[in-house]
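Below is the file input_4.txt, which contains compact mmCIF, C-alpha atoms and all ligand atoms.
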```txt
# COMPACT_ATOMS: atom_id res chain seq x y z
CA MET A 1 85.92 146.38 113.86
CA ASP A 2 85.65 145.03 117.39
CA TYR A 3 87.26 147.28 119.98
CA ALA A 4 86.55 149.10 123.23
CA GLU A 5 86.28 152.88 123.17
CA HIS A 6 87.91 153.28 126.62
CA ILE A 7 90.07 150.99 128.76
CA VAL A 8 87.49 151.13 131.59
CA ASP A 9 84.90 149.62 129.24
CA LEU A 10 86.87 146.36 129.57
CA VAL A 11 86.28 146.01 133.34
CA GLY A 12 84.37 142.84 134.31
CA ASN A 13 83.13 139.83 132.33
CA THR A 14 86.09 137.78 133.58
CA PRO A 15 86.14 134.07 132.66
CA LEU A 16 85.70 130.92 134.74
CA VAL A 17 88.14 127.99 134.47
CA LYS A 18 87.93 124.55 136.09
CA LEU A 19 90.64 123.44 138.52
CA GLN A 20 92.15 120.15 137.31
CA HIS A 21 95.12 119.19 139.48
CA VAL A 22 94.99 120.65 143.00
CA THR A 23 91.57 119.05 143.53
CA GLU A 24 92.67 115.60 144.75
CA GLY A 25 89.94 114.09 146.95
CA VAL A 26 87.29 116.46 145.52
CA ALA A 27 84.24 115.02 143.69
CA CYS A 28 82.48 118.26 142.70
CA THR A 29 83.31 120.85 140.03
CA VAL A 30 85.50 123.71 141.28
CA LEU A 31 85.63 126.74 138.98
CA VAL A 32 87.80 129.79 139.57
CA LYS A 33 86.93 133.30 138.36
CA LEU A 34 90.02 135.07 137.05
CA GLU A 35 89.80 138.68 138.21
CA TYR A 36 93.41 139.34 137.20
CA LEU A 37 92.10 139.57 133.62
CA ASN A 38 90.54 142.94 134.44
CA PRO A 39 92.49 145.82 132.78
CA GLY A 40 94.01 146.97 136.09
CA GLY A 41 94.71 143.37 137.08
CA SER A 42 92.21 142.84 139.92
CA ALA A 43 88.59 142.69 141.06
CA LYS A 44 89.05 146.21 142.40
CA ASP A 45 88.60 147.71 138.93
CA ARG A 46 84.91 146.96 139.42
CA ILE A 47 84.49 148.97 142.61
CA ALA A 48 86.69 151.84 141.40
CA THR A 49 84.51 152.47 138.35
CA ARG A 50 81.29 152.39 140.38
CA ILE A 51 82.67 154.56 143.21
CA ILE A 52 84.01 157.32 140.91
CA ASP A 53 80.82 157.40 138.82
CA ALA A 54 78.75 157.82 141.99
CA ALA A 55 81.08 160.50 143.45
CA GLU A 56 80.81 162.57 140.26
CA ALA A 57 77.02 162.18 140.20
CA GLU A 58 76.77 163.26 143.84
CA GLY A 59 79.09 166.26 143.28
CA LEU A 60 81.77 164.89 145.66
CA LEU A 61 84.40 164.87 142.93
CA ALA A 62 84.82 167.66 140.37
CA PRO A 63 87.41 168.53 137.68
CA GLY A 64 90.81 169.24 139.28
CA GLY A 65 89.94 167.03 142.26
CA THR A 66 92.25 164.63 144.13
CA ILE A 67 91.43 161.05 145.11
CA VAL A 68 92.94 160.07 148.51
CA GLU A 69 92.62 156.46 149.67
CA PRO A 70 94.28 153.92 152.00
CA THR A 71 94.78 150.90 149.75
CA SER A 72 96.90 147.78 149.61
CA GLY A 73 97.46 148.46 145.95
CA ASN A 74 94.67 146.92 143.90
CA THR A 75 92.03 149.52 144.72
CA GLY A 76 94.69 152.09 143.95
CA VAL A 77 95.28 150.66 140.48
CA GLY A 78 91.55 150.63 139.76
CA LEU A 79 91.13 154.20 141.00
CA ALA A 80 94.29 155.33 139.17
CA LEU A 81 92.92 153.91 135.91
CA VAL A 82 89.64 155.77 136.20
CA ALA A 83 91.37 158.92 137.53
CA GLN A 84 93.81 158.92 134.62
CA GLN A 85 90.92 158.72 132.14
CA ARG A 86 89.12 161.63 133.77
CA GLY A 87 92.02 163.88 134.82
CA TYR A 88 92.09 163.48 138.63
CA ARG A 89 95.21 163.39 140.84
CA CYS A 90 95.67 160.31 143.08
CA VAL A 91 97.33 160.03 146.51
CA PHE A 92 97.50 156.53 148.03
CA VAL A 93 98.36 155.63 151.62
CA LEU A 94 99.85 152.14 152.03
CA PRO A 95 100.89 149.92 154.95
CA ASP A 96 104.60 149.07 154.75
CA LYS A 97 104.03 145.32 154.37
CA VAL A 98 102.97 145.93 150.77
CA GLY A 99 105.49 144.68 148.19
CA GLU A 100 107.75 147.03 146.18
CA ASP A 101 106.31 145.63 142.96
CA LYS A 102 102.79 146.79 143.84
CA ILE A 103 104.03 150.26 144.80
CA ASP A 104 105.90 150.65 141.51
CA VAL A 105 102.72 149.78 139.60
CA LEU A 106 100.82 152.60 141.33
CA ARG A 107 103.63 155.04 140.58
CA ALA A 108 103.61 153.91 136.95
CA TYR A 109 99.99 155.10 136.66
CA GLY A 110 101.12 158.50 137.99
CA ALA A 111 99.90 158.14 141.59
CA GLU A 112 101.66 159.61 144.66
CA ILE A 113 102.41 157.13 147.49
CA VAL A 114 102.55 157.68 151.27
CA MET A 115 103.91 154.78 153.38
CA THR A 116 102.71 154.02 156.94
CA PRO A 117 103.70 151.36 159.53
CA THR A 118 101.74 148.06 159.42
CA SER A 119 102.16 147.21 163.08
CA VAL A 120 100.27 150.13 164.71
CA PRO A 121 96.62 149.96 165.84
CA ALA A 122 93.96 151.33 163.45
CA ASP A 123 93.27 154.29 165.78
CA SER A 124 96.94 155.38 165.96
CA PRO A 125 97.63 158.75 164.23
CA GLU A 126 100.29 156.91 162.19
CA SER A 127 97.94 154.19 160.89
CA TYR A 128 97.06 154.18 157.25
CA TYR A 129 93.44 154.93 158.08
CA SER A 130 94.37 158.03 160.14
CA VAL A 131 96.96 159.38 157.71
CA SER A 132 94.54 159.15 154.78
CA ASP A 133 91.83 160.94 156.81
CA ARG A 134 94.23 163.79 157.52
CA LEU A 135 95.30 164.12 153.87
CA ALA A 136 91.68 164.04 152.67
CA ALA A 137 90.83 166.86 155.10
CA GLU A 138 93.86 168.99 154.21
CA ILE A 139 94.06 168.70 150.40
CA PRO A 140 91.57 171.08 148.69
CA GLY A 141 89.06 169.28 146.42
CA ALA A 142 89.98 165.91 147.91
CA PHE A 143 87.60 162.97 147.75
CA LYS A 144 88.15 159.85 149.86
CA PRO A 145 86.38 156.87 148.27
CA ASN A 146 86.63 155.02 151.61
CA GLN A 147 86.45 151.51 150.29
CA TYR A 148 85.76 150.23 153.83
CA GLU A 149 82.44 152.11 154.05
CA ASN A 150 81.41 153.01 150.49
CA GLN A 151 78.31 150.96 149.58
CA ASN A 152 79.08 151.39 145.87
CA GLY A 153 81.78 148.73 146.43
CA PRO A 154 79.43 145.85 147.34
CA ARG A 155 76.88 147.30 144.88
CA SER A 156 79.35 146.92 141.98
CA HIS A 157 79.67 143.20 142.80
CA TYR A 158 75.89 142.85 143.15
CA GLU A 159 75.47 144.39 139.70
CA THR A 160 78.35 142.71 137.83
CA THR A 161 80.24 139.83 139.55
CA GLY A 162 77.11 138.05 140.80
CA PRO A 163 75.17 138.18 137.50
CA GLU A 164 78.28 137.05 135.55
CA ILE A 165 78.64 133.93 137.74
CA TRP A 166 74.93 133.12 137.48
CA ARG A 167 75.01 133.61 133.68
CA ASP A 168 78.24 131.67 133.08
CA THR A 169 77.13 128.66 135.18
CA ASP A 170 73.62 128.66 133.68
CA GLY A 171 72.30 129.07 137.20
CA LYS A 172 73.98 125.80 138.29
CA VAL A 173 76.34 127.37 140.84
CA THR A 174 75.74 125.84 144.32
CA HIS A 175 78.61 127.39 146.34
CA PHE A 176 80.37 130.75 146.07
CA VAL A 177 83.70 131.28 147.82
CA ALA A 178 85.71 134.50 148.25
CA GLY A 179 88.32 135.90 150.59
CA VAL A 180 87.14 138.72 152.83
CA GLY A 181 88.97 142.07 152.98
CA THR A 182 86.60 145.04 152.93
CA GLY A 183 83.92 142.36 152.51
CA GLY A 184 82.62 144.06 149.36
CA THR A 185 83.11 141.03 147.13
CA ILE A 186 81.44 138.48 149.39
CA THR A 187 78.66 140.87 150.42
CA GLY A 188 77.68 142.06 146.92
CA THR A 189 78.27 138.84 144.98
CA GLY A 190 76.89 136.64 147.76
CA ARG A 191 73.78 138.75 148.20
CA TYR A 192 73.03 138.64 144.46
CA LEU A 193 73.52 134.86 144.25
CA ARG A 194 71.30 134.30 147.29
CA ASP A 195 68.61 136.61 145.87
CA VAL A 196 68.62 135.14 142.36
CA SER A 197 68.59 131.50 143.55
CA ASP A 198 65.87 131.79 146.21
CA ASP A 199 68.65 131.32 148.75
CA ARG A 200 69.95 128.04 147.34
CA VAL A 201 73.55 129.16 146.75
CA ARG A 202 75.75 128.71 149.82
CA ILE A 203 78.15 131.61 150.49
CA ILE A 204 81.53 130.88 152.09
CA GLY A 205 84.01 133.55 153.19
CA ILE A 206 87.70 132.76 153.67
CA ASP A 207 89.69 134.74 156.22
CA PRO A 208 93.35 134.78 157.26
CA GLU A 209 93.72 133.11 160.64
CA GLY A 210 93.98 135.91 163.24
CA SER A 211 91.60 138.35 161.52
CA VAL A 212 88.30 139.52 163.02
CA TYR A 213 85.98 137.71 160.59
CA SER A 214 86.99 134.30 161.91
CA GLY A 215 87.03 135.40 165.55
CA GLY A 216 90.61 136.77 165.79
CA THR A 217 91.85 140.08 167.14
CA GLY A 218 93.53 141.33 163.98
CA ARG A 219 96.97 140.01 164.91
CA PRO A 220 99.48 140.23 162.04
CA TYR A 221 99.47 137.80 159.13
CA LEU A 222 101.36 138.12 155.88
CA VAL A 223 98.73 137.47 153.23
CA GLU A 224 97.79 140.81 151.62
CA GLY A 225 94.40 142.34 150.84
CA VAL A 226 92.27 140.14 153.11
CA GLY A 227 91.39 140.05 156.80
CA GLU A 228 90.78 143.07 158.99
CA ASP A 229 91.40 144.40 162.47
CA ILE A 230 88.21 146.49 162.27
CA TRP A 231 84.65 145.68 161.10
CA PRO A 232 84.10 147.62 157.84
CA GLY A 233 80.68 148.93 156.78
CA THR A 234 81.08 147.18 153.41
CA TYR A 235 80.83 143.77 155.09
CA ASP A 236 77.39 142.39 155.86
CA PRO A 237 77.88 139.44 158.24
CA SER A 238 74.41 138.11 157.38
CA VAL A 239 75.47 137.26 153.79
CA PRO A 240 78.06 134.46 154.29
CA HIS A 241 76.75 131.19 155.73
CA GLU A 242 80.20 130.26 156.92
CA ILE A 243 83.70 131.72 157.44
CA VAL A 244 86.73 129.44 157.08
CA PRO A 245 90.10 130.57 158.53
CA VAL A 246 93.29 129.67 156.60
CA ASP A 247 96.84 130.39 157.83
CA ASP A 248 99.68 132.00 155.85
CA ALA A 249 101.61 128.74 155.33
CA GLU A 250 98.65 126.99 153.71
CA SER A 251 97.69 130.11 151.69
CA PHE A 252 101.18 130.50 150.25
CA ALA A 253 101.67 126.77 149.56
CA MET A 254 98.41 126.74 147.55
CA THR A 255 99.35 129.97 145.74
CA ARG A 256 102.54 128.27 144.52
CA ARG A 257 100.70 125.08 143.55
CA LEU A 258 98.19 127.06 141.45
CA ALA A 259 101.07 128.45 139.36
CA ARG A 260 102.97 125.15 138.99
CA GLU A 261 100.10 122.71 138.69
CA GLU A 262 97.34 124.76 137.06
CA GLY A 263 99.27 127.47 135.19
CA ILE A 264 97.33 130.09 137.16
CA LEU A 265 99.68 132.80 138.50
CA VAL A 266 97.71 134.59 141.22
CA GLY A 267 98.27 136.41 144.54
CA GLY A 268 98.30 135.04 148.09
CA SER A 269 94.66 135.85 148.81
CA SER A 270 93.71 133.67 145.82
CA GLY A 271 95.75 130.78 147.24
CA MET A 272 94.03 131.37 150.57
CA ALA A 273 90.57 131.31 148.95
CA VAL A 274 91.32 128.09 147.06
CA ALA A 275 92.83 126.39 150.14
CA GLY A 276 89.69 127.17 152.17
CA ALA A 277 87.37 126.31 149.27
CA LEU A 278 88.92 122.88 148.77
CA ARG A 279 88.44 122.05 152.43
CA VAL A 280 84.69 122.56 151.92
CA ALA A 281 84.68 121.02 148.40
CA LYS A 282 85.98 117.72 149.85
CA THR A 283 82.71 117.34 151.76
CA LEU A 284 80.44 117.99 148.71
CA PRO A 285 78.72 115.58 146.30
CA ALA A 286 79.74 115.29 142.63
CA ASN A 287 76.87 117.45 141.37
CA ALA A 288 77.91 120.54 143.38
CA VAL A 289 79.33 123.49 141.40
CA MET A 290 81.64 125.72 143.40
CA VAL A 291 82.88 129.09 142.12
CA VAL A 292 85.94 130.60 143.81
CA LEU A 293 86.84 134.22 143.06
CA LEU A 294 90.58 134.87 142.57
CA PRO A 295 91.07 138.62 143.19
CA ASP A 296 94.44 139.36 141.57
CA GLY A 297 97.46 138.07 139.65
CA GLY A 298 100.80 136.81 141.00
CA ARG A 299 103.20 139.29 139.43
CA GLY A 300 102.90 141.66 142.38
CA TYR A 301 104.21 138.92 144.69
CA LEU A 302 107.26 137.62 142.80
CA SER A 303 109.72 138.89 145.42
CA LYS A 304 107.64 137.39 148.25
CA ILE A 305 105.47 134.27 147.87
CA PHE A 306 107.29 133.13 144.74
CA ASN A 307 110.75 133.83 146.18
CA ASP A 308 112.28 130.85 148.03
CA SER A 309 114.56 132.93 150.28
CA TRP A 310 111.70 135.19 151.34
CA MET A 311 109.56 132.14 152.09
CA ARG A 312 112.35 130.50 154.14
CA SER A 313 113.03 133.75 156.04
CA TYR A 314 109.49 133.51 157.42
CA GLY A 315 109.82 129.81 158.20
CA PHE A 316 107.70 128.57 155.29
CA ASN A 317 109.53 125.43 154.31
CA ASP A 318 107.27 124.33 151.52
CA VAL A 319 109.78 125.46 148.90
CA SER A 320 111.62 122.28 147.87
CA GLU A 321 110.69 121.35 144.33
CA GLY A 322 112.52 118.03 143.91
CA GLU A 323 115.65 117.53 141.83
CA THR A 324 116.96 120.66 140.12
CA VAL A 325 119.38 121.13 137.23
CA ALA A 326 122.02 122.12 139.82
CA ASP A 327 121.58 118.73 141.52
CA VAL A 328 122.04 116.92 138.19
CA LEU A 329 125.23 118.86 137.41
CA GLN A 330 126.86 118.09 140.78
N1 LIG B 401 92.49 139.98 147.70
C1 LIG B 401 93.17 141.08 147.39
C2 LIG B 401 94.55 140.93 146.79
C3 LIG B 401 92.62 142.34 147.63
O1 LIG B 401 93.31 143.45 147.32
C4 LIG B 401 91.33 142.43 148.22
C5 LIG B 401 90.73 143.78 148.50
N2 LIG B 401 91.09 144.32 149.75
C6 LIG B 401 90.65 141.24 148.55
C7 LIG B 401 91.26 140.04 148.25
C8 LIG B 401 89.32 141.22 149.26
O2 LIG B 401 88.25 141.75 148.57
P1 LIG B 401 87.12 142.57 149.36
O3 LIG B 401 87.77 143.84 149.83
O4 LIG B 401 86.07 142.80 148.35
O5 LIG B 401 86.65 141.75 150.52
```
Rewrite the structure from the file as structure tokens, please.
Amino acid sequence: MDYAEHIVDLVGNTPLVKLQHVTEGVACTVLVKLEYLNPGGSAKDRIATRIIDAAEAEGLLAPGGTIVEPTSGNTGVGLALVAQQRGYRCVFVLPDKVGEDKIDVLRAYGAEIVMTPTSVPADSPESYYSVSDRLAAEIPGAFKPNQYENQNGPRSHYETTGPEIWRDTDGKVTHFVAGVGTGGTITGTGRYLRDVSDDRVRIIGIDPEGSVYSGGTGRPYLVEGVGEDIWPGTYDPSVPHEIVPVDDAESFAMTRRLAREEGILVGGSSGMAVAGALRVAKTLPANAVMVVLLPDGGRGYLSKIFNDSWMRSYGFNDVSEGETVADVLQ
């Protein structure tokens, strides 16, 4: 019989698939790594497992403990999965731009949710960073994984994501592309691929226009899970060779194209990563092999990116899809 003993044993070893249709004008191979096939539905399952294991080993988390974390949802799901398996309580602090669908998923795993305003500075007492600090201090037995500082985040990508890409491309990968949020993915995976290839793999970070990584001030953008208004300790700026900024309109248009033209239903940060990656891919020779990491699936964004009225309400007009059945019936 072939089965896993525990759901967390299924984290990682996600597959690569080649992009076939959105790659017009591109000569090289562009492969995407489907992190939504992790059991919790995102790349964050990887860091959650590593962070909880380390906290237990260091005595920071003990039976009866509570995990408190500011998270846009995916880290929460990963942590909730591991917490559920080991009997911890979870309290998650979220910015109010996060979609209802994502919040309901966290509640489904049994987590408690605290909402905070998106449009306040990081140092405001109302910000999701400050509120989570206060809860972690006040709840007895609380442990704050602190995904923005915890080095077990990048380490999990160094130990799993990087080696998987090297193995699955037979060492032929030439470019690695990922969106930057906490920076854990690009730092850990990028560092591994640079180390293992004697620095031949080029590492490219993609950032929402307006965020600090591409020289912005952290002004608001709508794409979720990427970009920062602070510099997290999990991001090592010496790892990426290049940072490419992509705006919301282009990120969301590519997210929708991936679903319709490739059959790949992923979130807005995946569309952002592919949009930025293809800009670079257009300049590369046919023998280049680019791997783009797609952090999560699209089901958490159905009422936003995949909803025409939501898109129009923000002035994104890229929603017309040609003749519809309604047009034919008129
Ligand atoms: N996309 C989504 C949807 C995310 O939740 C995250 C994590 N914040 C990222 C991308 C970025 O990954 P990282 O934090 O490793 O930079």
Output the neighbourhood of ligand LIG 401 (chain B) as a PyMOL selection string, that is, all protein and nucleic acid residues with some atom at most 7 Å from the ligand, counting only C-alpha atoms and all ligand atoms. chain A and resi 44+72-75+179-186+224-226+267+269-270+295-296
Between atom CA of A:Gly87 and atom CA of A:Tyr148, measure the distance and give it in Å to one decimal. 24.2 Å
Taking 6 positions as the minimum chain separation for residues in the same chain, which residues sit within 10 Å of A:His21 when counting all atoms listed in the file? Answer as a list of chain:residue names. A:Arg257, A:Leu258, A:Arg260, A:Glu261, A:Glu262
Using all atoms listed in the file, which of A:Gly25, A:Gly41, A:Pro15, A:Pro140 sits nearest A:Ala281?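 Between A:Gly25, A:Gly41, A:Pro15, A:Pro140, the residue approaching A:Ala281 most closely is A:Gly25.
Of the residues listed (A:Leu193, A:Ala275, A:Cys90, A:Ile204), A:Cys90 shows the shortest atom-to-atom separation from A:Phe143; distances use all atoms listed in the file.
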Give me the residues near A:Asp229 as a VMD selection string, where near means some atom within 7 Å (using all atoms listed in the file) and where sequence neighbours in that chain fewer than 3 positions away do not count. chain A and resid 211 to 212 217 to 218
Just to be explicit: take each residue in the selection above, keep C-alpha atoms, and write the result as a compact mmCIF listing (two decimals), keeping the file's coordinate frame.
```txt
# COMPACT_ATOMS: atom_id res chain seq x y z
CA SER A 211 91.60 138.35 161.52
CA VAL A 212 88.30 139.52 163.02
CA THR A 217 91.85 140.08 167.14
CA GLY A 218 93.53 141.33 163.98
```
Excluding A:Gly268 and residues on its chain fewer than 2 positions from it, collect all residues at most 12 Å away from it, counting all atoms listed in the file, and give them as a PyMOL selection string. chain A and resi 179+207-208+221-226+246-259+265-266+270-275+294-302+304-306
How would the residues just chosen look if you wrote them out with C-alpha atoms as a short mmCIF file (atom, residue, chain, number, x, y, z; two decimals), in the coordinates of the input?
```
data_model
loop_
_atom_site.label_atom_id
_atom_site.label_comp_id
_atom_site.auth_asym_id
_atom_site.auth_seq_id
_atom_site.Cartn_x
_atom_site.Cartn_y
_atom_site.Cartn_z
CA GLY A 179 88.32 135.90 150.59
CA ASP A 207 89.69 134.74 156.22
CA PRO A 208 93.35 134.78 157.26
CA TYR A 221 99.47 137.80 159.13
CA LEU A 222 101.36 138.12 155.88
CA VAL A 223 98.73 137.47 153.23
CA GLU A 224 97.79 140.81 151.62
CA GLY A 225 94.40 142.34 150.84
CA VAL A 226 92.27 140.14 153.11
CA VAL A 246 93.29 129.67 156.60
CA ASP A 247 96.84 130.39 157.83
CA ASP A 248 99.68 132.00 155.85
CA ALA A 249 101.61 128.74 155.33
CA GLU A 250 98.65 126.99 153.71
CA SER A 251 97.69 130.11 151.69
CA PHE A 252 101.18 130.50 150.25
CA ALA A 253 101.67 126.77 149.56
CA MET A 254 98.41 126.74 147.55
CA THR A 255 99.35 129.97 145.74
CA ARG A 256 102.54 128.27 144.52
CA ARG A 257 100.70 125.08 143.55
CA LEU A 258 98.19 127.06 141.45
CA ALA A 259 101.07 128.45 139.36
CA LEU A 265 99.68 132.80 138.50
CA VAL A 266 97.71 134.59 141.22
CA SER A 270 93.71 133.67 145.82
CA GLY A 271 95.75 130.78 147.24
CA MET A 272 94.03 131.37 150.57
CA ALA A 273 90.57 131.31 148.95
CA VAL A 274 91.32 128.09 147.06
CA ALA A 275 92.83 126.39 150.14
CA LEU A 294 90.58 134.87 142.57
CA PRO A 295 91.07 138.62 143.19
CA ASP A 296 94.44 139.36 141.57
CA GLY A 297 97.46 138.07 139.65
CA GLY A 298 100.80 136.81 141.00
CA ARG A 299 103.20 139.29 139.43
CA GLY A 300 102.90 141.66 142.38
CA TYR A 301 104.21 138.92 144.69
CA LEU A 302 107.26 137.62 142.80
CA LYS A 304 107.64 137.39 148.25
CA ILE A 305 105.47 134.27 147.87
CA PHE A 306 107.29 133.13 144.74
#
```
Long-range neighbours of A:Thr29 as a list in words, 7 Å cut-off, only C-alpha atoms, 3 positions minimum in chain: Ala288, Val289 and Met290 of chain A
Sel. within 7 Å of pt (87.3, 119.5, 138.8), counting only C-alpha atoms, output as a VMD selection string: chain A and resid 18 to 20 23 28 to 30
As an exercise, work out the distance from atom CA of A:His175 to atom CA of A:Leu31 in Å and give it to one decimal place.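 Taking atom CA of A:His175 as the start and atom CA of A:Leu31 as the end point, the length is 10.2 Å.
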Enclose stretch 180-191 of chain A, meaning all of its atoms listed in the file, in a box aligned along x, y and z, pad it by 4 Å on each side, and list the centre and edge lengths in Å to one decimal, as AutoDock Vina command-line options.
```
--center_x 81.4 --center_y 140.8 --center_z 149.0 --size_x 23.2 --size_y 16.4 --size_z 16.0
```
So how many Å separate atom CA of A:Thr118 and atom CA of A:Gln147, to one decimal? 18.1 Å
Fewer than 5 positions away in the same chain doesn't count, so skip those; otherwise give me all residues within 10 Å of A:Tyr109, counting all atoms listed in the file, as a VMD selection string. chain A and resid 76 to 77 79 to 81 83 to 84 90 104
Smallest atom-to-atom distance to A:Glu24: which of A:Lys282, A:Glu209, A:Gly190, A:Pro117, using only C-alpha atoms?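 Smallest distance to A:Glu24 is found for A:Lys282.
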With only C-alpha atoms as the basis for distance, which of A:Gly215, A:Gly263, A:Gly110, A:Gly64 is at the shortest distance from A:Ile139? A:Gly64
So which residues are close to (71.8, 128.4, 144.1), meaning at most 12 Å away in the file's coordinates with all atoms listed in the file counted, and can you show them as a list in words?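 It turns out the residues near that spot are Gly162, Ile165, Trp166, Thr169, Asp170, Gly171, Lys172, Val173, Thr174, His175, Phe176, Gly190, Arg191, Tyr192, Leu193, Arg194, Asp195, Val196, Ser197, Asp198, Asp199, Arg200, Val201, Arg202, Ile203, Ala288, Val289, Met290 and Val291 of chain A.
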Generate the coordinates of N, CA and C atoms for stretch 118-134 of chain A; report them as an mmCIF file, keeping the file's coordinate frame.
```cif
data_model
loop_
_atom_site.group_PDB
_atom_site.id
_atom_site.type_symbol
_atom_site.label_atom_id
_atom_site.label_comp_id
_atom_site.auth_asym_id
_atom_site.auth_seq_id
_atom_site.Cartn_x
_atom_site.Cartn_y
_atom_site.Cartn_z
ATOM 1 N N THR A 118 102.782 149.097 159.362
ATOM 2 C CA THR A 118 101.740 148.060 159.420
ATOM 3 C C THR A 118 101.356 147.751 160.855
ATOM 4 N N SER A 119 102.376 147.763 161.742
ATOM 5 C CA SER A 119 102.160 147.210 163.080
ATOM 6 C C SER A 119 101.731 148.250 164.116
ATOM 7 N N VAL A 120 100.868 149.206 163.720
ATOM 8 C CA VAL A 120 100.270 150.130 164.710
ATOM 9 C C VAL A 120 98.763 149.910 164.689
ATOM 10 N N PRO A 121 98.063 150.159 165.829
ATOM 11 C CA PRO A 121 96.620 149.960 165.840
ATOM 12 C C PRO A 121 95.910 150.926 164.876
ATOM 13 N N ALA A 122 94.697 150.521 164.426
ATOM 14 C CA ALA A 122 93.960 151.330 163.450
ATOM 15 C C ALA A 122 93.718 152.760 163.943
ATOM 16 N N ASP A 123 93.585 152.946 165.273
ATOM 17 C CA ASP A 123 93.270 154.290 165.780
ATOM 18 C C ASP A 123 94.527 155.135 166.061
ATOM 19 N N SER A 124 95.718 154.594 165.790
ATOM 20 C CA SER A 124 96.940 155.380 165.960
ATOM 21 C C SER A 124 96.991 156.485 164.896
ATOM 22 N N PRO A 125 97.536 157.686 165.260
ATOM 23 C CA PRO A 125 97.630 158.750 164.230
ATOM 24 C C PRO A 125 98.535 158.364 163.064
ATOM 25 N N GLU A 126 99.381 157.349 163.262
ATOM 26 C CA GLU A 126 100.290 156.910 162.190
ATOM 27 C C GLU A 126 99.670 155.854 161.281
ATOM 28 N N SER A 127 98.506 155.308 161.652
ATOM 29 C CA SER A 127 97.940 154.190 160.890
ATOM 30 C C SER A 127 97.513 154.669 159.507
ATOM 31 N N TYR A 128 97.372 153.734 158.601
ATOM 32 C CA TYR A 128 97.060 154.180 157.250
ATOM 33 C C TYR A 128 95.640 154.723 157.137
ATOM 34 N N TYR A 129 94.791 154.334 158.047
ATOM 35 C CA TYR A 129 93.440 154.930 158.080
ATOM 36 C C TYR A 129 93.536 156.411 158.503
ATOM 37 N N SER A 130 94.283 156.668 159.613
ATOM 38 C CA SER A 130 94.370 158.030 160.140
ATOM 39 C C SER A 130 95.080 158.985 159.182
ATOM 40 N N VAL A 131 96.187 158.509 158.602
ATOM 41 C CA VAL A 131 96.960 159.380 157.710
ATOM 42 C C VAL A 131 96.107 159.766 156.489
ATOM 43 N N SER A 132 95.346 158.819 155.965
ATOM 44 C CA SER A 132 94.540 159.150 154.780
ATOM 45 C C SER A 132 93.412 160.118 155.153
ATOM 46 N N ASP A 133 92.848 159.977 156.357
ATOM 47 C CA ASP A 133 91.830 160.940 156.810
ATOM 48 C C ASP A 133 92.393 162.353 156.840
ATOM 49 N N ARG A 134 93.622 162.460 157.388
ATOM 50 C CA ARG A 134 94.230 163.790 157.520
ATOM 51 C C ARG A 134 94.490 164.402 156.140
#
```
